[in-house]
Every structure is written in structure tokens, then in C-alpha cells.
Amino acid sequence: MVGIQGIGGPQEPRPDRPSSVRDNRPSPSTDQDTASDGVVISSGAQAAAALTQTLKVRPDQEVRTERVEAARQAIERGNYRNSDVVKVVAERISRLL
């Protein structure tokens, strides 16, 4: 909240500790050879990203809503709980990867 601090205006910020206290923290190294930044992306995350890219619907692709609805109903009925159907679906999905 902003308010009037007096005639002199707001006071200057004070340091958290007196200036007579020494800083015992080690100074950061300026040696560029010892410090490096990097990012490591796991293979699982890379596979998930690739799958996401594969499954994205592009604007030039047509989504057949009647096929989507038929698949949704088949899932709700439990048609895909058969081990033969699961194998076929897994094979088709593995082709995309």
C-alpha cells in the first residue's frame, strides 16, 4: 500500500545486516570451463512428445465425427476388452511410433 512517508519521502532501504559483517559465502567461480548448463530430456518424455506430435489433428485433416462416436460407443460397451482386439490395436499404434 502506498502512503505518505513524511516530508523527506520514503526512507532508503537498509541492508539486511550491518556493513561490518563479512560475507563468508564463497564467491561464484568465473571459470567458464568448470560451469556449464544443460538440459537432459528422458527417453520417455521424448517418446511422449513424438506420440503427441503424431496424434495432433492438422487443419488439413478431416475428423470423421461419426467414426469417433462409433468408437466411443464401442469402448463404453466393452468391445475392446477382448485380448485379440487389444493385440490388433497395439500393433496399429506401434506402427505410428
# chains A, B, ... in the order shown; residues from 1 in each chain; ligands from 1
call {"tool": "residues_around", "arguments": {"residues": "Arg95 in chain A", "least_positions_apart": "6", "cutoff": "12 Å", "atoms": "only C-alpha atoms", "output": "ChimeraX atom specification"}}
result
/A:51,54,88-89
call {"tool": "atom_distance", "arguments": {"atom1": "CA of Tyr80 in chain A", "atom2": "CA of Lys56 in chain A"}}
result
23.0 Å
call {"tool": "atom_distance", "arguments": {"atom1": "CA of Asn82 in chain A", "atom2": "CA of Ala48 in chain A"}}
result
26.0 Å
call {"tool": "atom_distance", "arguments": {"atom1": "CA of Arg58 in chain A", "atom2": "CA of Leu96 in chain A"}}
result
15.7 Å
